[in-house]
$ cat work.pdb   # PDB, C-alpha atoms
MODEL        1
ATOM      1  CA  MET A   1     133.599 118.003 178.399
ATOM      2  CA  SER A   2     134.901 116.568 175.139
ATOM      3  CA  ASP A   3     133.285 117.565 171.868
ATOM      4  CA  PRO A   4     130.570 115.313 170.444
ATOM      5  CA  LEU A   5     131.748 112.572 168.122
ATOM      6  CA  SER A   6     131.389 113.659 164.501
ATOM      7  CA  ILE A   7     129.894 110.965 162.268
ATOM      8  CA  TRP A   8     129.448 110.968 158.507
ATOM      9  CA  VAL A   9     126.900 108.584 157.020
ATOM     10  CA  VAL A  10     127.922 107.963 153.406
ATOM     11  CA  SER A  11     125.936 106.185 150.681
ATOM     12  CA  ASP A  12     124.510 106.648 147.194
ATOM     13  CA  GLY A  13     121.299 107.917 148.780
ATOM     14  CA  ARG A  14     119.062 104.904 148.160
ATOM     15  CA  ALA A  15     116.938 104.492 151.272
ATOM     16  CA  GLY A  16     117.542 100.772 151.754
ATOM     17  CA  ILE A  17     121.303 101.285 151.523
ATOM     18  CA  GLU A  18     121.477 104.525 153.485
ATOM     19  CA  ASN A  19     119.381 103.194 156.363
ATOM     20  CA  GLN A  20     122.024 100.588 157.173
ATOM     21  CA  ALA A  21     124.727 103.180 157.750
ATOM     22  CA  LEU A  22     122.311 105.650 159.341
ATOM     23  CA  GLY A  23     120.933 102.995 161.679
ATOM     24  CA  LEU A  24     124.437 102.159 162.902
ATOM     25  CA  ALA A  25     125.264 105.864 163.313
ATOM     26  CA  GLU A  26     122.095 106.456 165.330
ATOM     27  CA  ALA A  27     122.938 103.476 167.536
ATOM     28  CA  VAL A  28     126.376 105.001 168.221
ATOM     29  CA  GLN A  29     124.664 108.315 168.984
ATOM     30  CA  ARG A  30     122.475 106.596 171.582
ATOM     31  CA  LEU A  31     125.634 105.465 173.365
ATOM     32  CA  THR A  32     127.671 108.671 173.240
ATOM     33  CA  PRO A  33     127.094 112.326 172.273
ATOM     34  CA  ALA A  34     127.479 112.573 168.514
ATOM     35  CA  GLU A  35     126.545 114.719 165.541
ATOM     36  CA  ILE A  36     125.488 112.894 162.362
ATOM     37  CA  THR A  37     125.927 114.317 158.870
ATOM     38  CA  VAL A  38     124.559 112.484 155.822
ATOM     39  CA  LYS A  39     126.621 112.523 152.614
ATOM     40  CA  HIS A  40     125.530 111.211 149.206
ATOM     41  CA  ILE A  41     127.997 109.930 146.627
ATOM     42  CA  ARG A  42     127.238 109.951 142.901
ATOM     43  CA  TRP A  43     129.666 109.225 140.080
ATOM     44  CA  ARG A  44     129.468 110.708 136.616
ATOM     45  CA  PRO A  45     127.634 108.282 134.311
ATOM     46  CA  LEU A  46     130.741 107.754 132.190
ATOM     47  CA  PHE A  47     132.668 106.471 135.220
ATOM     48  CA  ASP A  48     129.942 104.891 137.327
ATOM     49  CA  ARG A  49     130.557 101.324 136.172
ATOM     50  CA  LEU A  50     134.324 101.496 136.400
ATOM     51  CA  PRO A  51     135.952  99.135 138.913
ATOM     52  CA  SER A  52     136.394 100.809 142.294
ATOM     53  CA  ALA A  53     140.185 100.637 141.946
ATOM     54  CA  LEU A  54     140.058 102.960 138.907
ATOM     55  CA  LYS A  55     137.785 105.632 140.342
ATOM     56  CA  THR A  56     139.165 108.929 141.598
ATOM     57  CA  PRO A  57     137.417 111.873 143.301
ATOM     58  CA  ALA A  58     137.709 113.851 140.045
ATOM     59  CA  MET A  59     135.103 111.486 138.559
ATOM     60  CA  LEU A  60     132.416 112.418 141.076
ATOM     61  CA  ALA A  61     129.151 113.995 139.946
ATOM     62  CA  SER A  62     128.336 114.945 143.525
ATOM     63  CA  GLU A  63     130.163 117.658 145.434
ATOM     64  CA  PRO A  64     133.712 116.609 146.386
ATOM     65  CA  LEU A  65     134.023 115.777 150.075
ATOM     66  CA  LYS A  66     136.209 118.111 152.071
ATOM     67  CA  GLY A  67     137.474 118.360 155.630
ATOM     68  CA  PRO A  68     137.281 118.826 158.458
ATOM     69  CA  TRP A  69     136.999 115.064 158.365
ATOM     70  CA  PRO A  70     134.789 113.172 160.800
ATOM     71  CA  ASP A  71     135.846 111.058 163.739
ATOM     72  CA  LEU A  72     133.745 108.207 162.371
ATOM     73  CA  TRP A  73     132.917 107.416 158.737
ATOM     74  CA  ILE A  74     130.132 104.853 158.267
ATOM     75  CA  ALA A  75     129.534 103.936 154.634
ATOM     76  CA  THR A  76     127.408 101.453 152.740
ATOM     77  CA  GLY A  77     127.365 100.376 149.127
ATOM     78  CA  ARG A  78     129.674 100.071 146.136
ATOM     79  CA  ALA A  79     129.600 103.786 145.321
ATOM     80  CA  THR A  80     131.361 104.656 148.575
ATOM     81  CA  LEU A  81     134.280 102.228 148.353
ATOM     82  CA  PRO A  82     136.785 104.397 146.402
ATOM     83  CA  LEU A  83     136.386 107.112 149.046
ATOM     84  CA  SER A  84     136.238 104.830 152.076
ATOM     85  CA  ILE A  85     139.730 103.513 151.349
ATOM     86  CA  ARG A  86     141.126 107.061 151.092
ATOM     87  CA  VAL A  87     139.488 108.970 153.922
ATOM     88  CA  ARG A  88     141.797 107.681 156.643
ATOM     89  CA  ALA A  89     144.800 109.109 154.767
ATOM     90  CA  TRP A  90     142.963 112.355 153.952
ATOM     91  CA  SER A  91     142.241 112.818 157.653
ATOM     92  CA  GLY A  92     145.803 112.126 158.724
ATOM     93  CA  GLY A  93     144.687 108.955 160.482
ATOM     94  CA  LYS A  94     141.942 110.691 162.488
ATOM     95  CA  THR A  95     138.913 109.075 160.844
ATOM     96  CA  PHE A  96     137.794 105.583 161.843
ATOM     97  CA  VAL A  97     136.320 103.901 158.764
ATOM     98  CA  VAL A  98     133.401 101.472 158.985
ATOM     99  CA  GLN A  99     131.914  99.759 155.960
ATOM    100  CA  THR A 100     128.654  97.826 156.269
ATOM    101  CA  GLN A 101     127.798  94.815 154.099
ATOM    102  CA  ASP A 102     130.568  92.814 152.407
ATOM    103  CA  PRO A 103     132.573  95.349 150.337
ATOM    104  CA  ARG A 104     133.954  92.530 148.152
ATOM    105  CA  TRP A 105     136.935  94.740 147.447
ATOM    106  CA  ALA A 106     139.961  95.901 149.472
ATOM    107  CA  ASN A 107     138.450  94.393 152.622
ATOM    108  CA  ALA A 108     141.623  94.863 154.655
ATOM    109  CA  ARG A 109     141.635  98.642 154.078
ATOM    110  CA  TYR A 110     138.698  99.501 156.368
ATOM    111  CA  ASP A 111     139.027  99.761 160.118
ATOM    112  CA  MET A 112     135.905  97.644 160.569
ATOM    113  CA  ILE A 113     133.403  95.822 158.381
ATOM    114  CA  VAL A 114     129.988  95.249 159.969
ATOM    115  CA  ALA A 115     128.691  92.325 157.943
ATOM    116  CA  PRO A 116     125.679  89.996 158.070
ATOM    117  CA  ALA A 117     126.712  86.687 159.595
ATOM    118  CA  HIS A 118     124.847  84.823 156.848
ATOM    119  CA  ASP A 119     127.308  86.223 154.277
ATOM    120  CA  GLY A 120     130.063  84.094 155.823
ATOM    121  CA  LEU A 121     132.650  86.880 155.699
ATOM    122  CA  SER A 122     135.769  86.483 157.843
ATOM    123  CA  GLY A 123     138.745  88.635 158.764
ATOM    124  CA  ASP A 124     140.377  90.401 161.700
ATOM    125  CA  ASN A 125     138.402  93.582 160.993
ATOM    126  CA  VAL A 126     135.040  91.845 160.440
ATOM    127  CA  PHE A 127     132.258  92.135 163.022
ATOM    128  CA  GLU A 128     129.363  89.805 162.255
ATOM    129  CA  ILE A 129     125.765  90.498 163.193
ATOM    130  CA  THR A 130     122.452  88.783 162.523
ATOM    131  CA  GLY A 131     120.970  90.608 159.529
ATOM    132  CA  SER A 132     122.117  94.113 158.611
ATOM    133  CA  PRO A 133     122.215  97.314 160.682
ATOM    134  CA  HIS A 134     118.879  99.124 160.659
ATOM    135  CA  ARG A 135     116.944 101.967 162.269
ATOM    136  CA  ILE A 136     114.174  99.970 163.941
ATOM    137  CA  THR A 137     113.999 100.111 167.742
ATOM    138  CA  PRO A 138     110.984  99.717 170.037
ATOM    139  CA  ASP A 139     111.385 103.344 171.102
ATOM    140  CA  ARG A 140     111.573 104.604 167.516
ATOM    141  CA  ILE A 141     108.445 102.812 166.369
ATOM    142  CA  ALA A 142     106.610 103.880 169.541
ATOM    143  CA  LYS A 143     107.378 107.514 168.753
ATOM    144  CA  ALA A 144     106.188 107.098 165.159
ATOM    145  CA  ALA A 145     103.010 105.233 166.094
ATOM    146  CA  PRO A 146     100.751 108.157 167.138
ATOM    147  CA  ALA A 147     100.686 109.422 163.543
ATOM    148  CA  PHE A 148      98.846 106.219 162.556
ATOM    149  CA  ALA A 149      96.855 105.566 165.729
ATOM    150  CA  LYS A 150      93.586 107.013 164.425
ATOM    151  CA  GLN A 151      93.432 104.420 161.650
ATOM    152  CA  ILE A 152      94.989 101.464 163.473
ATOM    153  CA  ALA A 153      93.749 101.720 167.074
ATOM    154  CA  PRO A 154      90.127 100.717 166.235
ATOM    155  CA  LEU A 155      91.292  97.508 164.514
ATOM    156  CA  ALA A 156      90.511  94.228 166.241
ATOM    157  CA  HIS A 157      93.154  92.141 167.981
ATOM    158  CA  PRO A 158      95.125  90.206 167.067
ATOM    159  CA  ARG A 159      96.459  92.699 164.570
ATOM    160  CA  VAL A 160      98.544  91.029 161.885
ATOM    161  CA  ALA A 161     101.207  93.074 160.096
ATOM    162  CA  VAL A 162     102.145  91.584 156.725
ATOM    163  CA  LEU A 163     105.313  92.780 154.981
ATOM    164  CA  ILE A 164     105.518  91.564 151.382
ATOM    165  CA  GLY A 165     108.758  91.665 149.434
ATOM    166  CA  GLY A 166     109.191  90.737 145.801
ATOM    167  CA  LYS A 167     111.361  89.410 143.047
ATOM    168  CA  SER A 168     115.109  89.182 143.590
ATOM    169  CA  LYS A 169     118.014  87.084 142.343
ATOM    170  CA  ALA A 170     117.105  84.338 144.802
ATOM    171  CA  PHE A 171     113.291  84.472 144.942
ATOM    172  CA  ASP A 172     110.182  85.271 142.930
ATOM    173  CA  LEU A 173     106.622  86.148 143.865
ATOM    174  CA  THR A 174     104.468  84.852 141.023
ATOM    175  CA  GLU A 175     100.808  85.728 140.705
ATOM    176  CA  ALA A 176      99.790  82.150 141.538
ATOM    177  CA  HIS A 177     102.036  82.002 144.604
ATOM    178  CA  ALA A 178     100.838  85.418 145.773
ATOM    179  CA  ALA A 179      97.233  84.248 145.467
ATOM    180  CA  ASP A 180      97.994  81.166 147.556
ATOM    181  CA  LEU A 181      99.750  83.249 150.210
ATOM    182  CA  ALA A 182      96.828  85.663 150.334
ATOM    183  CA  ASP A 183      94.334  82.833 150.835
ATOM    184  CA  ARG A 184      96.415  81.326 153.643
ATOM    185  CA  ILE A 185      96.812  84.704 155.339
ATOM    186  CA  ALA A 186      93.102  85.472 155.045
ATOM    187  CA  GLU A 187      92.169  82.106 156.539
ATOM    188  CA  ALA A 188      94.524  82.617 159.485
ATOM    189  CA  VAL A 189      93.273  86.140 160.222
ATOM    190  CA  ARG A 190      89.620  85.091 160.003
ATOM    191  CA  ALA A 191      90.238  82.103 162.279
ATOM    192  CA  VAL A 192      91.308  84.369 165.135
ATOM    193  CA  GLY A 193      88.897  87.224 164.416
ATOM    194  CA  GLY A 194      91.791  89.585 163.856
ATOM    195  CA  SER A 195      92.649  92.398 161.459
ATOM    196  CA  LEU A 196      95.206  92.977 158.726
ATOM    197  CA  MET A 197      97.898  95.620 158.200
ATOM    198  CA  LEU A 198      99.611  95.008 154.868
ATOM    199  CA  THR A 199     102.399  96.800 153.040
ATOM    200  CA  PHE A 200     104.234  95.938 149.818
ATOM    201  CA  SER A 201     107.817  96.670 148.855
ATOM    202  CA  ARG A 202     108.951  98.430 145.719
ATOM    203  CA  ARG A 203     110.083  95.007 144.453
ATOM    204  CA  THR A 204     106.601  93.464 144.651
ATOM    205  CA  PRO A 205     105.483  92.532 141.108
ATOM    206  CA  GLN A 206     102.341  94.388 140.081
ATOM    207  CA  ALA A 207     100.421  91.176 139.336
ATOM    208  CA  ALA A 208     101.232  89.777 142.772
ATOM    209  CA  LYS A 209     100.269  93.044 144.430
ATOM    210  CA  ALA A 210      96.964  93.158 142.583
ATOM    211  CA  VAL A 211      95.919  89.602 143.396
ATOM    212  CA  MET A 212      96.849  89.903 147.064
ATOM    213  CA  THR A 213      94.975  93.182 147.380
ATOM    214  CA  GLU A 214      91.907  91.663 145.726
ATOM    215  CA  ARG A 215      91.870  88.579 147.945
ATOM    216  CA  LEU A 216      92.585  90.379 151.225
ATOM    217  CA  SER A 217      90.591  93.589 150.800
ATOM    218  CA  ASP A 218      87.487  92.226 152.499
ATOM    219  CA  LEU A 219      89.357  91.666 155.768
ATOM    220  CA  PRO A 220      89.113  94.377 158.415
ATOM    221  CA  GLY A 221      92.273  96.421 158.380
ATOM    222  CA  TRP A 222      94.510  98.553 156.213
ATOM    223  CA  ILE A 223      96.261  97.699 152.960
ATOM    224  CA  TRP A 224      98.728 100.495 152.301
ATOM    225  CA  GLU A 225      99.080 101.133 148.579
ATOM    226  CA  GLY A 226     101.758 103.800 148.666
ATOM    227  CA  ALA A 227      99.832 107.032 149.211
ATOM    228  CA  GLY A 228     100.930 109.277 152.065
ATOM    229  CA  GLU A 229     103.441 108.498 154.779
ATOM    230  CA  ASN A 230     104.627 104.902 154.968
ATOM    231  CA  PRO A 231     102.864 103.356 157.997
ATOM    232  CA  MET A 232     105.317 100.474 158.480
ATOM    233  CA  PHE A 233     106.556 101.780 161.853
ATOM    234  CA  GLY A 234     102.940 102.074 162.964
ATOM    235  CA  PHE A 235     102.231  98.557 161.749
ATOM    236  CA  LEU A 236     105.204  97.172 163.678
ATOM    237  CA  HIS A 237     104.215  99.032 166.848
ATOM    238  CA  PHE A 238     100.554  98.031 166.875
ATOM    239  CA  ALA A 239     100.985  94.471 165.556
ATOM    240  CA  ASP A 240     100.437  91.352 167.625
ATOM    241  CA  HIS A 241     101.968  89.185 164.885
ATOM    242  CA  ILE A 242     104.288  90.016 161.990
ATOM    243  CA  LEU A 243     104.373  88.044 158.739
ATOM    244  CA  VAL A 244     107.412  88.628 156.510
ATOM    245  CA  THR A 245     108.328  87.082 153.161
ATOM    246  CA  GLU A 246     111.590  85.150 153.247
ATOM    247  CA  ASP A 247     113.270  87.149 150.453
ATOM    248  CA  SER A 248     114.332  90.117 152.586
ATOM    249  CA  ALA A 249     117.019  89.699 155.222
ATOM    250  CA  ASN A 250     116.466  93.306 156.268
ATOM    251  CA  MET A 251     112.722  92.966 156.867
ATOM    252  CA  ALA A 252     113.142  89.769 158.891
ATOM    253  CA  ALA A 253     115.851  91.225 161.126
ATOM    254  CA  GLU A 254     113.939  94.484 161.581
ATOM    255  CA  ALA A 255     110.766  92.620 162.525
ATOM    256  CA  ALA A 256     112.730  90.509 165.012
ATOM    257  CA  SER A 257     113.865  93.676 166.799
ATOM    258  CA  THR A 258     110.285  94.203 168.021
ATOM    259  CA  GLY A 259     110.118  91.105 170.225
ATOM    260  CA  LYS A 260     106.847  90.095 168.543
ATOM    261  CA  PRO A 261     106.209  86.727 166.872
ATOM    262  CA  VAL A 262     107.607  86.822 163.333
ATOM    263  CA  HIS A 263     106.176  84.297 160.882
ATOM    264  CA  ILE A 264     108.204  83.706 157.702
ATOM    265  CA  LEU A 265     106.213  83.457 154.464
ATOM    266  CA  PRO A 266     107.685  81.204 151.745
ATOM    267  CA  MET A 267     108.574  82.501 148.297
ATOM    268  CA  VAL A 268     109.330  80.790 144.982
ATOM    269  CA  PRO A 269     113.075  79.959 144.984
ATOM    270  CA  LEU A 270     115.054  80.859 141.869
ATOM    271  CA  LYS A 271     118.441  79.545 142.991
ATOM    272  CA  SER A 272     120.172  78.143 146.032
ATOM    273  CA  GLY A 273     119.120  80.080 149.093
ATOM    274  CA  ASP A 274     121.967  79.030 151.383
ATOM    275  CA  LYS A 275     122.552  82.569 152.657
ATOM    276  CA  PHE A 276     118.896  83.108 153.432
ATOM    277  CA  ALA A 277     118.654  79.660 154.999
ATOM    278  CA  ARG A 278     121.537  80.539 157.340
ATOM    279  CA  LEU A 279     119.824  83.784 158.327
ATOM    280  CA  HIS A 280     116.455  82.167 158.989
ATOM    281  CA  ASP A 281     118.127  79.334 160.912
ATOM    282  CA  ASP A 282     119.848  81.963 163.070
ATOM    283  CA  LEU A 283     116.611  83.884 163.686
ATOM    284  CA  GLY A 284     114.786  80.648 164.425
ATOM    285  CA  GLU A 285     117.433  79.522 166.922
ATOM    286  CA  ARG A 286     117.046  82.859 168.711
ATOM    287  CA  GLY A 287     113.322  82.161 169.022
ATOM    288  CA  ALA A 288     112.364  85.188 166.946
ATOM    289  CA  THR A 289     110.897  83.543 163.860
ATOM    290  CA  ARG A 290     109.020  80.447 162.765
ATOM    291  CA  PRO A 291     107.834  79.318 159.335
ATOM    292  CA  PHE A 292     104.236  80.394 158.751
ATOM    293  CA  ASP A 293     102.097  77.287 159.209
ATOM    294  CA  GLY A 294      98.694  78.872 158.695
ATOM    295  CA  THR A 295      98.104  79.554 162.375
ATOM    296  CA  LEU A 296      98.736  82.629 164.512
ATOM    297  CA  ASP A 297     100.055  81.126 167.719
ATOM    298  CA  GLY A 298     102.105  83.532 169.824
ATOM    299  CA  TRP A 299     105.461  83.190 171.556
ATOM    300  CA  THR A 300     108.006  85.422 173.270
ATOM    301  CA  TYR A 301     111.742  86.048 172.896
ATOM    302  CA  SER A 302     114.305  88.725 173.619
ATOM    303  CA  PRO A 303     114.153  91.370 170.878
ATOM    304  CA  LEU A 304     117.210  91.420 168.653
ATOM    305  CA  ALA A 305     119.485  94.402 169.256
ATOM    306  CA  GLU A 306     122.251  93.634 166.777
ATOM    307  CA  THR A 307     122.700  97.214 165.587
ATOM    308  CA  GLU A 308     123.327  98.312 169.175
ATOM    309  CA  ARG A 309     125.804  95.459 169.634
ATOM    310  CA  ALA A 310     127.676  96.593 166.532
ATOM    311  CA  ALA A 311     127.678 100.208 167.758
ATOM    312  CA  ARG A 312     129.299  99.162 171.036
ATOM    313  CA  ALA A 313     131.927  97.235 169.070
ATOM    314  CA  VAL A 314     132.667 100.292 166.905
ATOM    315  CA  LEU A 315     133.192 102.523 169.939
ATOM    316  CA  GLU A 316     135.345  99.896 171.631
ATOM    317  CA  ALA A 317     137.508  99.543 168.515
ATOM    318  CA  MET A 318     137.821 103.318 168.180
ATOM    319  CA  GLY A 319     138.981 103.503 171.782
ATOM    320  CA  THR A 320     141.705 100.902 171.324
ATOM    321  CA  ARG A 321     143.018 101.918 167.887
TER     322      ARG A 321
ENDMDL
END

$ encode --input "work.pdb" --output "structure tokens"
Amino acid sequence: MSDPLSIWVVSDGRAGIENQALGLAEAVQRLTPAEITVKHIRWRPLFDRLPSALKTPAMLASEPLKGPWPDLWIATGRATLPLSIRVRAWSGGKTFVVQTQDPRWANARYDMIVAPAHDGLSGDNVFEITGSPHRITPDRIAKAAPAFAKQIAPLAHPRVAVLIGGKSKAFDLTEAHAADLADRIAEAVRAVGGSLMLTFSRRTPQAAKAVMTERLSDLPGWIWEGAGENPMFGFLHFADHILVTEDSANMAAEAASTGKPVHILPMVPLKSGDKFARLHDDLGERGATRPFDGTLDGWTYSPLAETERAARAVLEAMGTR
């Protein structure tokens, strides 16, 4: 038998960034025996903001990376780029280099770029997927669910998971808009005699978080305020409906991997949302999402499995290189 594939997952360590590369690595591991090692890249403060072209390994604050080099390098984020373009040479051509997201620099120097289709990136080495790679699978959330069953199982159906994002370059969540969203959500949940499972992101403005908590706290359910283990996987597993704010491409694509109705909550636009519009059009055409209209009607669709599709493409490309 051949040795397991060695995979390095490389990022700056931020969970939202790392999970893209780790999710793709885990999808590869589900298809073929593999060993995953996580590596974090940090640059010395003096050099951190330098253009990627000027950075050298001597400028690293983290431990220098050394061989033996992996069969597959999956990296995400700006911090990894100066190393991603070098690792193929360091490994003597052994390492297959995958960058997720649009690197926006030296795009031809990676073996493959796994990019969100809504970014509109093109190139011979570009593999487009709906949303970004992630770690959500029905099996994964099912395995995580028992840890939250005691609190969630008694809740009335339909259970409504609500995932609230926050302010970004493209969207805002003002206190007034958050209050309106909360009232619409409360009305919908009460109309069907259901229960609420709500979680906020780290980007949720405090004023918006406070007003939504105040206006939704009398509903049966669970509003997670950050203490203890994050119950999002439990929410996704036990939910009958999922409501997601439109500001997060990751949350929408992750929710659509469950096969459950995903209702998109509007935000306050700050600039042109063409990229997000393309994503939500794509998800809508697949039957996964619909704009939240104040009702909780159900529908069915084939769960998205874009991370798995990308993993198969990576292995195919590695086999033909």

$ residues_around --input "work.pdb" --residues "Thr137 in chain A" --least-positions-apart "3" --cutoff "8 Å" --atoms "all atoms listed in the file" --output "number ranges by chain"
A: 140-141, 257-258

$ residues_around --input "work.pdb" --residues "range 51-54 of chain A" --least-positions-apart "4" --cutoff "10 Å" --atoms "all atoms listed in the file" --output "VMD selection string"
chain A and resid 47 59 78 to 83 85 105 to 106

$ residues_around --input "work.pdb" --residues "Pro68 in chain A" --least-positions-apart "3" --cutoff "12 Å" --atoms "all atoms listed in the file" --output "MDAnalysis selection string"
chainID A and resid 6:8 65 71:72 87 90:92 94:95

$ resolve_selection --input "work.pdb" --expression "the PyMOL selection byres ((chain A and resi 162) around 6)" --output "tab-separated table (two decimals) with C-alpha atoms, in the frame of the given file"
chain	number	residue	atom	x	y	z
A	161	ALA	CA	101.21	93.07	160.10
A	163	LEU	CA	105.31	92.78	154.98
A	198	LEU	CA	99.61	95.01	154.87
A	242	ILE	CA	104.29	90.02	161.99
A	243	LEU	CA	104.37	88.04	158.74

$ resolve_selection --input "work.pdb" --expression "the PyMOL selection byres ((chain A and resi 305) around 12)" --output "ChimeraX atom specification"
/A:23-24,27,129-138,253-259,286,288,301-304,306-312

$ write_last_selection --input "work.pdb" --atoms "C-alpha atoms" --output "PDB file, in the frame of the given file"
ATOM      1  CA  GLY A  23     120.933 102.995 161.679  1.00  0.00           C
ATOM      2  CA  LEU A  24     124.437 102.159 162.902  1.00  0.00           C
ATOM      3  CA  ALA A  27     122.938 103.476 167.536  1.00  0.00           C
ATOM      4  CA  ILE A 129     125.765  90.498 163.193  1.00  0.00           C
ATOM      5  CA  THR A 130     122.452  88.783 162.523  1.00  0.00           C
ATOM      6  CA  GLY A 131     120.970  90.608 159.529  1.00  0.00           C
ATOM      7  CA  SER A 132     122.117  94.113 158.611  1.00  0.00           C
ATOM      8  CA  PRO A 133     122.215  97.314 160.682  1.00  0.00           C
ATOM      9  CA  HIS A 134     118.879  99.124 160.659  1.00  0.00           C
ATOM     10  CA  ARG A 135     116.944 101.967 162.269  1.00  0.00           C
ATOM     11  CA  ILE A 136     114.174  99.970 163.941  1.00  0.00           C
ATOM     12  CA  THR A 137     113.999 100.111 167.742  1.00  0.00           C
ATOM     13  CA  PRO A 138     110.984  99.717 170.037  1.00  0.00           C
ATOM     14  CA  ALA A 253     115.851  91.225 161.126  1.00  0.00           C
ATOM     15  CA  GLU A 254     113.939  94.484 161.581  1.00  0.00           C
ATOM     16  CA  ALA A 255     110.766  92.620 162.525  1.00  0.00           C
ATOM     17  CA  ALA A 256     112.730  90.509 165.012  1.00  0.00           C
ATOM     18  CA  SER A 257     113.865  93.676 166.799  1.00  0.00           C
ATOM     19  CA  THR A 258     110.285  94.203 168.021  1.00  0.00           C
ATOM     20  CA  GLY A 259     110.118  91.105 170.225  1.00  0.00           C
ATOM     21  CA  ARG A 286     117.046  82.859 168.711  1.00  0.00           C
ATOM     22  CA  ALA A 288     112.364  85.188 166.946  1.00  0.00           C
ATOM     23  CA  TYR A 301     111.742  86.048 172.896  1.00  0.00           C
ATOM     24  CA  SER A 302     114.305  88.725 173.619  1.00  0.00           C
ATOM     25  CA  PRO A 303     114.153  91.370 170.878  1.00  0.00           C
ATOM     26  CA  LEU A 304     117.210  91.420 168.653  1.00  0.00           C
ATOM     27  CA  GLU A 306     122.251  93.634 166.777  1.00  0.00           C
ATOM     28  CA  THR A 307     122.700  97.214 165.587  1.00  0.00           C
ATOM     29  CA  GLU A 308     123.327  98.312 169.175  1.00  0.00           C
ATOM     30  CA  ARG A 309     125.804  95.459 169.634  1.00  0.00           C
ATOM     31  CA  ALA A 310     127.676  96.593 166.532  1.00  0.00           C
ATOM     32  CA  ALA A 311     127.678 100.208 167.758  1.00  0.00           C
ATOM     33  CA  ARG A 312     129.299  99.162 171.036  1.00  0.00           C
TER      34      ARG A 312
END

$ atom_distance --input "work.pdb" --atom1 "CA of Pro154 in chain A" --atom2 "CA of Ala210 in chain A"
25.8 Å
